[in-house]
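Read through the structure below, which is laid out as structure tokens, and then see the notes.
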Amino acid sequence: MREESWHPVPGVDYPRTLVEFEEWFSSEEACLQFLCRLRWRYGFRCPGCGGEKAWPTIRGELRCAACQRQTSPTSGTIFQGTTKPLRLWFRAMWHITNQKFGANALGLQRTLGFGSYQTAWVWLQKLRRAMVRSGREKLSGLVEVDETYVGGLEEGVSGRHTEKKTIVAIAVEIHVPRGFGRVRLGHVPDVSAQSLLQFVQEAVEPGSVVHTDGWKGYDDLHKWGYVRKKTVLSSSPEPAHVVMPGVHRIAALLKRWLLGTHQGAVSARHLDYYLDEYTFRFNRRTSRSRGLLFYRLLDQAVHTDPSSYGKIIGGKPLPPQV
Ligand SMILES: [Zn+2]
């Protein structure tokens with residue numbers, strides 16, 4: 001089991017600066033070793049026989065001492081089957097985690113010197129997928145929940161803009177007396193009770209106090225073990241951003257980020273990936289160390305299932321260059 005409470009040491013577990021990064025990961029072998037260390041933090045385990053002893057082969061795989069089965073350190077990770085060197089992947093991750101406002105495909109393409117914009121785009125989607133791992137801890141305590149409409153999203157690829165708005169559900173922990181904790185975002189099809197309750201169940205620990213507005217979609221929260229705190233905005237003397245400051249702040253930041261970093265050119269179909277990146281960044285916003293962000297991303301990347309190119313683009317052509 002991996003836990004964020006496990007504190008890696010700067011300069012020992014992850015590089016602190018670009019100079020250190022380049023020293024640490026100057027060869028393919030060094031990258032592979034680092035990857036193995038993260039993947040088998042609690043020791044190697046052969047997927048065939050459960051053996052705990054293995055030897056490296058010339059091809060960079062591990063051969064089980066008991067059953068001779070060879071295991072590639074990248075199999076079962078987002079790097080599985082890649083034809084590009086790990087050094088390049090590490091660079092991509094360093095680049096992405098060093099962009100204060102998030103990376104876009106064009107920036108990544110330039111940094112890595114890719115001939116193809118599409119390759120950079122697919123890499124970004126793979127890495128975004130690794131940013132939010134499944135089975136993560138749910139929010140707890142006092143949590144504000146609301147929805148926001150993300151507009152002007154580009155639908156599909158033909159460059160055709162639609163007026164269709166996309167609904168994003170927001171949950172954010174509120175610290176008393178001030179400040180925000182972690183955030184969860186979800187792309188919901190509508191604002192029905194079914195959609196919203198499903199989002200809350202995925203995002204918030206039962207027993208938490210869920211602060212919402214008067215929308216009836218939240219009426220059944222208590223049936224699922226939540227304590228609902230309801231503020232009917234129309235009857236409140238205070239404006240919405242005062243009564244529910246968390247969700248309003250997150251909604252504003254999210255929209256600005258989508259417009260700024262991605263020029264709003266985010267297709268509704270891929271919105272989940274962008275929400276994942278936003279969540280990853282927001283929940284680690286107090287981490288001043290870029291090296292630690294890099295480390296967290298790599299750690300999650302080696303524990304994220306590979307996603308094929310076809311699965312990522314959904315069998316449809318790629319978006320236009322932005
Ligand atoms: Zn074995």
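Ligands are numbered from 1 in the order shown, residues from 1 within each chain, and chains are lettered A, B, ... in the order they appear in the structure tokens.
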(message) Please identify all protein, DNA and RNA residues within 12 Å of ligand 1, counting only C-alpha atoms and all ligand atoms, and report them as a PyMOL selection string.
(response) chain A and resi 44-55+62-71
(message) I'd like the contact shell of range 25-30 of chain A - 12 Å cut-off, only C-alpha atoms, skipping same-chain residues fewer than 3 positions apart - returned as a PyMOL selection string.
(response) chain A and resi 14-15+18-22+33-37+56-61+73+84-91+94
(request) Write out as a ChimeraX atom specification the residues lying within 8 Å of range 193-202 of chain A, counting only C-alpha atoms and excluding same-chain residues fewer than 4 positions away. (result) /A:138,145,169,171,186,188-189,206,216-221,224
Please dump the current selection as a short mmCIF file (atom, residue, chain, number, x, y, z; two decimals), in the first residue's frame; keep N, CA and C atoms.
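Dumped to again.cif:
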data_model
loop_
_atom_site.label_atom_id
_atom_site.label_comp_id
_atom_site.auth_asym_id
_atom_site.auth_seq_id
_atom_site.Cartn_x
_atom_site.Cartn_y
_atom_site.Cartn_z
N LYS A 138 -10.97 9.89 0.57
CA LYS A 138 -12.07 10.81 0.34
C LYS A 138 -11.94 12.04 1.23
N VAL A 145 -20.13 21.54 -1.33
CA VAL A 145 -20.37 20.87 -2.61
C VAL A 145 -21.30 21.76 -3.46
N ALA A 169 -18.97 19.10 -11.04
CA ALA A 169 -19.30 19.11 -9.62
C ALA A 169 -18.02 19.35 -8.82
N ALA A 171 -16.21 19.57 -4.90
CA ALA A 171 -16.26 19.34 -3.46
C ALA A 171 -14.95 19.86 -2.88
N GLY A 186 -15.60 16.56 -10.46
CA GLY A 186 -16.17 15.49 -11.27
C GLY A 186 -17.04 16.05 -12.39
N VAL A 188 -20.15 15.79 -14.33
CA VAL A 188 -21.45 15.12 -14.16
C VAL A 188 -22.36 15.40 -15.37
N PRO A 189 -23.17 14.40 -15.74
CA PRO A 189 -24.01 14.58 -16.94
C PRO A 189 -25.14 15.59 -16.74
N PRO A 206 -18.55 9.31 4.21
CA PRO A 206 -19.81 9.39 4.97
C PRO A 206 -19.52 9.86 6.40
N LYS A 216 -32.69 20.77 -4.64
CA LYS A 216 -33.34 19.54 -4.16
C LYS A 216 -32.54 18.29 -4.50
N GLY A 217 -31.65 18.40 -5.46
CA GLY A 217 -30.80 17.26 -5.82
C GLY A 217 -29.98 16.74 -4.63
N TYR A 218 -29.83 17.58 -3.60
CA TYR A 218 -29.04 17.18 -2.44
C TYR A 218 -29.91 16.73 -1.26
N ASP A 219 -31.23 16.68 -1.49
CA ASP A 219 -32.15 16.40 -0.37
C ASP A 219 -31.92 15.05 0.31
N ASP A 220 -31.43 14.08 -0.45
CA ASP A 220 -31.30 12.74 0.12
C ASP A 220 -29.93 12.44 0.74
N LEU A 221 -29.14 13.46 0.93
CA LEU A 221 -27.78 13.24 1.45
C LEU A 221 -27.77 12.45 2.76
N TRP A 224 -27.55 8.70 2.87
CA TRP A 224 -26.26 8.08 2.56
C TRP A 224 -25.22 8.34 3.65
#
(request) Find, counting only C-alpha atoms, the residue in A:Arg39, A:His175, A:His248, A:Lys126 that gets nearest to Thr82 in chain A. (result)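 The shortest atom-to-atom distance to Thr82 in chain A comes from A:Lys126.
If you measure from each of A:Val12, A:Met244, A:Leu139, A:Leu124 to Ala301 in chain A using only C-alpha atoms, the closest one turns out to be A:Leu124.
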(message) So that I can see what lies close to Arg128 in chain A, please list as number ranges by chain the residues with an atom at most 6 Å from it, counting only C-alpha atoms and leaving out residues fewer than 3 positions away in the same chain.
(response) A: 125, 131, 273, 277
Once you have the residues from the selection above, write them out as a PDB file, in the first residue's frame, restricted to N, CA, C and O atoms.
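Done, and the output landed in again.pdb:
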ATOM      1  N   GLN A 125      -1.888  13.350 -21.922  1.00  0.00           N
ATOM      2  CA  GLN A 125      -3.092  12.674 -21.438  1.00  0.00           C
ATOM      3  C   GLN A 125      -2.733  11.476 -20.560  1.00  0.00           C
ATOM      4  O   GLN A 125      -3.383  11.201 -19.564  1.00  0.00           O
ATOM      5  N   MET A 131      -2.217  11.353 -12.661  1.00  0.00           N
ATOM      6  CA  MET A 131      -2.187  12.362 -11.601  1.00  0.00           C
ATOM      7  C   MET A 131      -3.151  12.070 -10.469  1.00  0.00           C
ATOM      8  O   MET A 131      -2.896  12.402  -9.326  1.00  0.00           O
ATOM      9  N   TYR A 273      -9.607  14.415 -17.793  1.00  0.00           N
ATOM     10  CA  TYR A 273      -8.156  14.457 -17.648  1.00  0.00           C
ATOM     11  C   TYR A 273      -7.691  15.817 -17.120  1.00  0.00           C
ATOM     12  O   TYR A 273      -6.792  15.900 -16.315  1.00  0.00           O
ATOM     13  N   GLU A 277      -5.739  16.846 -13.627  1.00  0.00           N
ATOM     14  CA  GLU A 277      -4.520  17.646 -13.499  1.00  0.00           C
ATOM     15  C   GLU A 277      -4.750  18.805 -12.538  1.00  0.00           C
ATOM     16  O   GLU A 277      -3.913  19.105 -11.681  1.00  0.00           O
TER      17      GLU A 277
END
(message) Based on the backbone DSSP call, show me all residues of range 23-267 of chain A assigned helix (DSSP H, G or I), as a VMD selection string.
(response) chain A and resid 23 to 24 28 to 39 86 to 98 105 to 112 117 to 131 193 to 203 216 to 218 221 to 224 233 to 235 240 to 243 245 to 262
When you look at range 96-110 of chain A with a cut-off of 7 Å (counting only C-alpha atoms), what residues show up, excluding the ones that are within fewer than 6 positions of it in the same chain? I need them as a short mmCIF file (atom, residue, chain, number, x, y, z; two decimals) with C-alpha atoms, in the first residue's frame.
data_model
loop_
_atom_site.label_atom_id
_atom_site.label_comp_id
_atom_site.auth_asym_id
_atom_site.auth_seq_id
_atom_site.Cartn_x
_atom_site.Cartn_y
_atom_site.Cartn_z
CA TYR A 117 2.31 17.56 -31.68
CA ALA A 120 3.11 15.28 -26.99
CA TRP A 121 -0.65 15.45 -26.64
CA LEU A 124 0.15 14.62 -21.60
CA THR A 261 -3.30 27.34 -19.98
CA HIS A 262 -5.51 25.65 -22.50
CA ARG A 290 8.82 20.99 -7.61
CA LEU A 293 5.64 17.03 -7.32
CA PHE A 294 7.77 15.21 -9.85
#
(message) Applying 10 Å and only C-alpha atoms, which residues near Lys255 in chain A remain after dropping the ones on its own chain fewer than 3 positions away? List them as a ChimeraX atom specification.
(response) /A:148-151,250-252,258-260,264
(message) When you count only C-alpha atoms, which of these residues is closest to Ala130 in chain A: A:Val183, A:Leu298, A:Leu112, A:Leu38?
(response)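 So, comparing all the options, the nearest one is A:Leu298.
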